[in-house]
>>> print(open('structure_33.cif').read())   # mmCIF, C-alpha atoms
data_upload
loop_
_atom_site.label_atom_id
_atom_site.label_comp_id
_atom_site.auth_asym_id
_atom_site.auth_seq_id
_atom_site.Cartn_x
_atom_site.Cartn_y
_atom_site.Cartn_z
CA MET A 1225 -6.32 16.42 9.34
CA LEU A 1226 -5.29 14.50 6.25
CA GLU A 1227 -1.83 15.09 4.80
CA LEU A 1228 -2.16 16.46 1.27
CA ILE A 1229 0.65 15.46 -1.08
CA HIS A 1230 -0.62 17.37 -4.12
CA ASN A 1231 -3.48 19.82 -4.64
CA ASP A 1232 -4.28 21.66 -7.88
CA ASP A 1233 -7.39 22.60 -9.85
CA VAL A 1234 -7.69 19.07 -11.24
CA LEU A 1235 -6.15 16.60 -8.80
CA VAL A 1236 -5.79 16.02 -5.09
CA ALA A 1237 -3.42 13.41 -3.68
CA VAL A 1238 -3.48 12.42 -0.03
CA ASN A 1239 -1.34 10.27 2.25
CA LYS A 1240 -3.92 7.81 3.54
CA PRO A 1241 -3.39 6.64 7.13
CA ALA A 1242 -3.53 2.93 7.86
CA GLY A 1243 -6.85 1.81 9.34
CA LEU A 1244 -9.02 4.45 7.65
CA LEU A 1245 -11.76 3.41 5.22
CA VAL A 1246 -11.46 5.11 1.84
CA HIS A 1247 -15.23 5.65 1.56
CA PRO A 1248 -18.43 4.68 3.44
CA SER A 1249 -19.08 0.96 3.32
CA LYS A 1250 -22.04 -1.26 4.20
CA ILE A 1251 -19.55 -3.83 5.44
CA ALA A 1252 -18.36 -1.36 8.11
CA ALA A 1253 -21.65 0.45 8.69
CA GLY A 1254 -20.69 1.36 12.25
CA GLU A 1255 -17.65 3.39 11.19
CA LYS A 1256 -18.11 7.14 11.53
CA GLU A 1257 -15.06 8.26 9.55
CA ASP A 1258 -13.85 7.68 6.01
CA LEU A 1259 -11.19 9.33 3.89
CA LEU A 1260 -13.37 10.63 1.06
CA THR A 1261 -15.78 12.45 3.36
CA GLN A 1262 -12.89 13.98 5.31
CA LEU A 1263 -11.11 15.01 2.12
CA ARG A 1264 -14.18 16.75 0.71
CA LEU A 1265 -14.69 18.68 3.94
CA GLN A 1266 -11.01 19.56 4.32
CA THR A 1267 -10.61 20.86 0.76
CA GLY A 1268 -14.10 22.29 0.31
CA ARG A 1269 -14.42 20.25 -2.89
CA GLY A 1270 -17.65 18.34 -2.50
CA GLN A 1271 -17.47 16.64 -5.90
CA LEU A 1272 -14.17 14.85 -5.30
CA ARG A 1273 -14.16 11.18 -6.25
CA LEU A 1274 -11.45 8.58 -5.78
CA VAL A 1275 -9.51 7.49 -8.85
CA HIS A 1276 -8.40 4.19 -7.29
CA ARG A 1277 -8.61 2.43 -3.94
CA LEU A 1278 -6.42 1.22 -1.12
CA ASP A 1279 -7.37 -1.42 1.42
CA ARG A 1280 -8.37 -0.07 4.80
CA ALA A 1281 -5.23 -1.57 6.34
CA THR A 1282 -2.89 -0.04 3.73
CA SER A 1283 -1.38 3.45 3.97
CA GLY A 1284 0.01 5.74 1.29
CA VAL A 1285 -0.72 7.68 -1.88
CA LEU A 1286 -4.37 7.97 -2.89
CA LEU A 1287 -5.52 10.08 -5.84
CA ALA A 1288 -8.81 11.95 -6.28
CA CYS A 1289 -10.29 14.34 -8.85
CA ASP A 1290 -13.43 16.47 -9.31
CA ASP A 1291 -14.86 15.87 -12.76
CA ALA A 1292 -16.04 12.80 -14.66
CA GLN A 1293 -13.80 13.41 -17.69
CA THR A 1294 -10.62 13.50 -15.62
CA HIS A 1295 -11.80 10.51 -13.61
CA ALA A 1296 -12.35 8.49 -16.80
CA ALA A 1297 -8.99 9.54 -18.28
CA LEU A 1298 -7.11 8.52 -15.15
CA GLY A 1299 -9.05 5.28 -14.92
CA HIS A 1300 -7.97 4.43 -18.46
CA ALA A 1301 -4.36 5.29 -17.59
CA PHE A 1302 -4.44 2.82 -14.70
CA GLU A 1303 -6.01 0.15 -16.91
CA ARG A 1304 -3.38 0.66 -19.64
CA ARG A 1305 -0.59 0.38 -17.06
CA GLU A 1306 0.55 3.95 -17.70
CA VAL A 1307 0.71 4.65 -13.96
CA ASP A 1308 3.80 3.43 -12.11
CA LYS A 1309 2.82 2.20 -8.63
CA ARG A 1310 5.41 1.37 -5.97
CA TYR A 1311 4.72 -0.12 -2.54
CA LEU A 1312 6.89 -0.88 0.47
CA ALA A 1313 6.18 -4.06 2.41
CA VAL A 1314 7.76 -6.21 5.09
CA VAL A 1315 7.46 -9.94 4.48
CA ARG A 1316 8.20 -13.00 6.58
CA GLY A 1317 11.34 -14.85 5.55
CA TRP A 1318 13.91 -14.12 2.86
CA PRO A 1319 12.88 -14.44 -0.79
CA VAL A 1320 15.35 -16.57 -2.74
CA GLU A 1321 15.72 -14.03 -5.55
CA GLU A 1322 16.84 -10.43 -5.07
CA ALA A 1323 14.30 -9.39 -7.70
CA GLY A 1324 11.61 -11.17 -9.64
CA GLU A 1325 7.98 -11.33 -10.58
CA ILE A 1326 4.91 -13.12 -9.27
CA ASP A 1327 2.69 -14.16 -12.14
CA LYS A 1328 -0.42 -15.77 -10.67
CA PRO A 1329 -4.01 -15.14 -11.82
CA LEU A 1330 -6.38 -13.97 -9.09
CA SER A 1331 -10.13 -13.80 -8.58
CA GLY A 1332 -11.92 -10.58 -7.69
CA GLU A 1333 -13.47 -9.43 -4.44
CA ALA A 1334 -16.94 -10.86 -5.08
CA ARG A 1335 -17.62 -14.51 -4.39
CA HIS A 1336 -17.29 -16.72 -7.49
CA SER A 1337 -15.80 -13.81 -9.48
CA PRO A 1338 -13.72 -14.85 -12.50
CA VAL A 1339 -9.99 -15.39 -12.28
CA LYS A 1340 -7.95 -12.81 -14.21
CA PRO A 1341 -4.24 -12.37 -14.98
CA ALA A 1342 -2.24 -10.74 -12.19
CA LEU A 1343 1.42 -9.74 -12.22
CA THR A 1344 3.61 -8.16 -9.53
CA HIS A 1345 7.26 -7.18 -9.92
CA TYR A 1346 9.35 -6.98 -6.76
CA ARG A 1347 12.86 -6.41 -5.47
CA VAL A 1348 14.38 -6.98 -2.05
CA LEU A 1349 15.65 -3.77 -0.46
CA ALA A 1350 17.00 -5.19 2.81
CA ARG A 1351 17.02 -8.29 5.01
CA CYS A 1352 17.24 -8.80 8.75
CA GLN A 1353 17.49 -11.70 11.20
CA LEU A 1354 16.20 -10.94 14.69
CA PRO A 1355 16.64 -12.75 18.04
CA TRP A 1356 12.90 -13.39 18.26
CA PRO A 1357 12.08 -17.09 18.80
CA SER A 1358 9.55 -18.25 16.24
CA GLY A 1359 8.16 -21.78 16.28
CA ARG A 1360 11.10 -24.20 16.30
CA TRP A 1361 13.51 -21.44 15.28
CA GLU A 1362 15.54 -19.27 17.67
CA THR A 1363 15.47 -16.31 15.30
CA ALA A 1364 13.06 -14.73 12.85
CA ARG A 1365 13.90 -13.52 9.34
CA TYR A 1366 12.22 -10.66 7.50
CA ALA A 1367 12.71 -8.80 4.23
CA LEU A 1368 11.86 -5.26 3.19
CA VAL A 1369 10.60 -5.34 -0.38
CA GLU A 1370 9.47 -2.91 -3.03
CA ALA A 1371 6.46 -4.22 -4.95
CA ALA A 1372 5.27 -2.84 -8.28
CA PRO A 1373 1.89 -4.33 -9.25
CA GLN A 1374 1.38 -4.40 -13.01
CA THR A 1375 -2.31 -5.22 -12.63
CA GLY A 1376 -4.89 -4.09 -10.11
CA ARG A 1377 -6.50 -7.20 -8.67
CA TYR A 1378 -8.18 -7.43 -5.28
CA ARG A 1379 -5.52 -7.41 -2.52
CA GLN A 1380 -3.01 -8.39 -5.16
CA ILE A 1381 0.26 -7.74 -3.33
CA ARG A 1382 -0.93 -9.46 -0.16
CA ARG A 1383 -2.17 -12.53 -2.02
CA HIS A 1384 0.84 -12.73 -4.31
CA PHE A 1385 3.38 -12.71 -1.48
CA LYS A 1386 1.37 -15.35 0.36
CA HIS A 1387 1.59 -17.44 -2.82
CA LEU A 1388 5.36 -16.88 -2.85
CA GLY A 1389 5.54 -18.22 0.71
CA HIS A 1390 6.47 -14.83 2.20
CA PRO A 1391 3.27 -13.27 3.58
CA LEU A 1392 3.20 -9.66 4.70
CA VAL A 1393 3.71 -8.83 8.37
CA GLY A 1394 0.54 -7.51 9.99
CA ASP A 1395 -1.74 -9.19 7.46
CA THR A 1396 -4.60 -10.71 9.46
CA SER A 1397 -6.16 -12.30 6.36
CA PHE A 1398 -3.20 -13.84 4.52
CA GLY A 1399 -0.34 -13.58 6.99
CA LYS A 1400 1.01 -15.50 9.98
CA GLY A 1401 -0.45 -14.60 13.37
CA GLU A 1402 2.76 -15.51 15.19
CA HIS A 1403 4.82 -12.96 13.28
CA ASN A 1404 2.11 -10.31 13.59
CA ARG A 1405 2.24 -10.81 17.37
CA LEU A 1406 6.04 -10.49 17.41
CA PHE A 1407 5.84 -7.05 15.80
CA ARG A 1408 3.13 -5.98 18.22
CA MET A 1409 5.10 -7.23 21.22
CA HIS A 1410 8.56 -5.93 20.29
CA LEU A 1411 7.72 -2.75 18.36
CA GLY A 1412 4.16 -1.84 19.26
CA VAL A 1413 3.25 -2.08 15.57
CA HIS A 1414 -0.40 -3.11 15.20
CA ARG A 1415 -0.84 -2.59 11.47
CA LEU A 1416 -0.33 -4.15 8.08
CA LEU A 1417 3.15 -3.28 6.85
CA LEU A 1418 2.12 -2.26 3.36
CA HIS A 1419 2.58 1.34 2.22
CA ALA A 1420 1.70 2.79 -1.19
CA ARG A 1421 4.95 4.71 -1.47
CA SER A 1422 4.62 6.45 -4.84
CA LEU A 1423 2.67 7.03 -8.03
CA GLN A 1424 4.16 8.31 -11.29
CA LEU A 1425 1.85 9.40 -14.09
CA GLN A 1426 1.20 12.09 -16.66
CA HIS A 1427 -0.94 14.96 -15.42
CA PRO A 1428 -4.29 14.60 -17.22
CA GLN A 1429 -4.52 18.33 -18.00
CA SER A 1430 -0.95 19.54 -18.58
CA ASP A 1431 0.49 16.16 -19.71
CA THR A 1432 3.58 16.84 -17.59
CA PRO A 1433 5.16 14.08 -15.47
CA LEU A 1434 3.78 13.92 -11.94
CA HIS A 1435 5.61 12.08 -9.16
CA LEU A 1436 3.64 11.64 -5.95
CA GLN A 1437 5.34 10.25 -2.85
CA ALA A 1438 3.80 9.51 0.55
CA ASP A 1439 5.91 9.98 3.68
CA LEU A 1440 6.42 7.11 6.10
CA ASP A 1441 4.87 7.23 9.57
CA GLN A 1442 6.52 6.47 12.92
CA ASP A 1443 5.58 2.79 12.78
CA TRP A 1444 7.63 2.52 9.61
CA THR A 1445 10.51 4.44 11.19
CA ARG A 1446 10.73 1.82 13.95
CA VAL A 1447 10.49 -0.99 11.43
CA LEU A 1448 13.27 0.40 9.24
CA ALA A 1449 15.55 0.47 12.27
CA LEU A 1450 15.33 -3.34 12.35
CA PHE A 1451 16.96 -3.35 8.92
CA GLU A 1452 19.55 -0.79 10.06
CA LEU A 1453 18.23 1.58 7.42
CA ASP A 1454 18.15 5.33 7.75
CA PRO A 1455 14.61 6.42 6.80
CA ALA A 1456 16.22 9.16 4.71
CA VAL A 1457 17.39 6.45 2.31
CA LEU A 1458 13.75 5.84 1.40
CA GLY A 1459 12.67 9.46 1.60
CA ARG A 1460 11.13 11.63 4.26
CA THR A 1461 9.35 10.41 7.38
CA LYS A 1462 6.65 12.16 9.34
CA GLY A 1463 7.55 13.35 12.81
#
>>> encode(input="structure_33.cif", output="structure tokens")
Amino acid sequence: MLELIHNDDVLVAVNKPAGLLVHPSKIAAGEKEDLLTQLRLQTGRGQLRLVHRLDRATSGVLLACDDAQTHAALGHAFERREVDKRYLAVVRGWPVEEAGEIDKPLSGEARHSPVKPALTHYRVLARCQLPWPSGRWETARYALVEAAPQTGRYRQIRRHFKHLGHPLVGDTSFGKGEHNRLFRMHLGVHRLLLHARSLQLQHPQSDTPLHLQADLDQDWTRVLALFELDPAVLGRTKG
């Protein structure tokens, strides 16, 4: 059963598990499960539609609504950057700056799609150096970062941190296979370490502030221990 973060007459927010498609896809025609179908069945709201998307490999807050008017209003809010989006990610290496921005235009998902402006703000939350031999090095360095995308380009955070020289751990498209294997071997973590931690926006009906936060799963609990961080520092974790 999906974990509901928020559920009212207008909106439903869910904590998407990593590895679950958000909706049926021709690209993954053999898949029998997707989040939108499950959410409609679980809530009994057959007209629910997703307001935005998350990659299959990404976990965290995902927002849905029933009617076209609300869907359009929320879509405009995302486009006007009126929705604050925060992600947690683990990246290879230590970024030089404690906080900064990645300003690099990106193309879309479709082949030969036009390049558009793309901007991601980030800050380093913690660093660790582990006794895991990596290439010619005897240790491996990682950073826990908070990323706040200011635009919504295709796989923006993943592509931006690759551009910075600090790809995400668990990223099979833009990351480093050696570091992905280290996390599988030492922690049993077989997923992309990217979590849509929170959304802040104005409720489209009441116009009151709405803060949605997605709990961290047990994979993330094990990862945070590497940084000697209590999960409570970043909020609740799921047991």
>>> resolve_selection(input="structure_33.cif", expression="the PyMOL selection byres ((chain A and resi 1391) around 12)", output="ChimeraX atom specification")
/A:1313-1319,1366-1369,1380-1390,1392-1404,1416-1418
>>> resolve_selection(input="structure_33.cif", expression="the PyMOL selection byres ((chain A and resi 1428-1434) around 9)", output="JSON, numbers by chain")
{"A": [1234, 1235, 1294, 1297, 1298, 1423, 1424, 1425, 1426, 1427, 1435, 1436]}
>>> write_last_selection(input="structure_33.cif", atoms="C-alpha atoms", output="PDB file, in the coordinates of the input")
ATOM      1  CA  VAL A1234      -7.690  19.070 -11.240  1.00  0.00           C
ATOM      2  CA  LEU A1235      -6.150  16.600  -8.800  1.00  0.00           C
ATOM      3  CA  THR A1294     -10.620  13.500 -15.620  1.00  0.00           C
ATOM      4  CA  ALA A1297      -8.990   9.540 -18.280  1.00  0.00           C
ATOM      5  CA  LEU A1298      -7.110   8.520 -15.150  1.00  0.00           C
ATOM      6  CA  LEU A1423       2.670   7.030  -8.030  1.00  0.00           C
ATOM      7  CA  GLN A1424       4.160   8.310 -11.290  1.00  0.00           C
ATOM      8  CA  LEU A1425       1.850   9.400 -14.090  1.00  0.00           C
ATOM      9  CA  GLN A1426       1.200  12.090 -16.660  1.00  0.00           C
ATOM     10  CA  HIS A1427      -0.940  14.960 -15.420  1.00  0.00           C
ATOM     11  CA  HIS A1435       5.610  12.080  -9.160  1.00  0.00           C
ATOM     12  CA  LEU A1436       3.640  11.640  -5.950  1.00  0.00           C
TER      13      LEU A1436
END
>>> resolve_selection(input="structure_33.cif", expression="the PyMOL selection byres ((chain A and resi 1309-1311) around 10)", output="ChimeraX atom specification")
/A:1282-1285,1302,1305-1308,1312-1313,1345-1346,1369-1375,1381,1418-1425,1436-1437
>>> atom_distance(input="structure_33.cif", atom1="atom CA of A:Ala1334", atom2="atom CA of A:Leu1272")
25.9 Å
>>> atom_distance(input="structure_33.cif", atom1="atom CA of A:Asn1231", atom2="atom CA of A:His1276")
16.6 Å
>>> atom_distance(input="structure_33.cif", atom1="atom CA of A:Leu1226", atom2="atom CA of A:Ala1438")
11.8 Å
>>> closest_residue(input="structure_33.cif", among="A:Leu1274, A:Ile1326, A:Ala1364, A:Ala1242", to="A:Cys1352", atoms="only C-alpha atoms")
A:Ala1364
>>> closest_residue(input="structure_33.cif", among="A:Leu1349, A:Leu1343, A:Ala1296, A:Cys1289", to="A:Phe1451", atoms="all atoms listed in the file")
A:Leu1349
>>> residues_around(input="structure_33.cif", residues="A:Pro1355", least_positions_apart="2", cutoff="12 Å", atoms="all atoms listed in the file", output="list in words")
Cys1352, Gln1353, Pro1357, Ser1358, Trp1361, Glu1362, Thr1363, Ala1364, Arg1365, Tyr1366, Leu1406, His1410 and Leu1450 of chain A
>>> write_last_selection(input="structure_33.cif", atoms="C-alpha atoms", output="mmCIF file, in the frame of the given file")
data_model
loop_
_atom_site.group_PDB
_atom_site.id
_atom_site.type_symbol
_atom_site.label_atom_id
_atom_site.label_comp_id
_atom_site.auth_asym_id
_atom_site.auth_seq_id
_atom_site.Cartn_x
_atom_site.Cartn_y
_atom_site.Cartn_z
ATOM 1 C CA CYS A 1352 17.240 -8.800 8.750
ATOM 2 C CA GLN A 1353 17.490 -11.700 11.200
ATOM 3 C CA PRO A 1357 12.080 -17.090 18.800
ATOM 4 C CA SER A 1358 9.550 -18.250 16.240
ATOM 5 C CA TRP A 1361 13.510 -21.440 15.280
ATOM 6 C CA GLU A 1362 15.540 -19.270 17.670
ATOM 7 C CA THR A 1363 15.470 -16.310 15.300
ATOM 8 C CA ALA A 1364 13.060 -14.730 12.850
ATOM 9 C CA ARG A 1365 13.900 -13.520 9.340
ATOM 10 C CA TYR A 1366 12.220 -10.660 7.500
ATOM 11 C CA LEU A 1406 6.040 -10.490 17.410
ATOM 12 C CA HIS A 1410 8.560 -5.930 20.290
ATOM 13 C CA LEU A 1450 15.330 -3.340 12.350
#
>>> closest_residue(input="structure_33.cif", among="A:Asp1454, A:Gly1243, A:Gln1293, A:Pro1338", to="A:Ala1350", atoms="only C-alpha atoms")
A:Asp1454
>>> closest_residue(input="structure_33.cif", among="A:Arg1408, A:Arg1377, A:His1414, A:Arg1304", to="A:Lys1340", atoms="only C-alpha atoms")
A:Arg1377
>>> closest_residue(input="structure_33.cif", among="A:Asp1233, A:Leu1263, A:Asp1258, A:Ala1342", to="A:Asp1290", atoms="only C-alpha atoms")
A:Asp1233
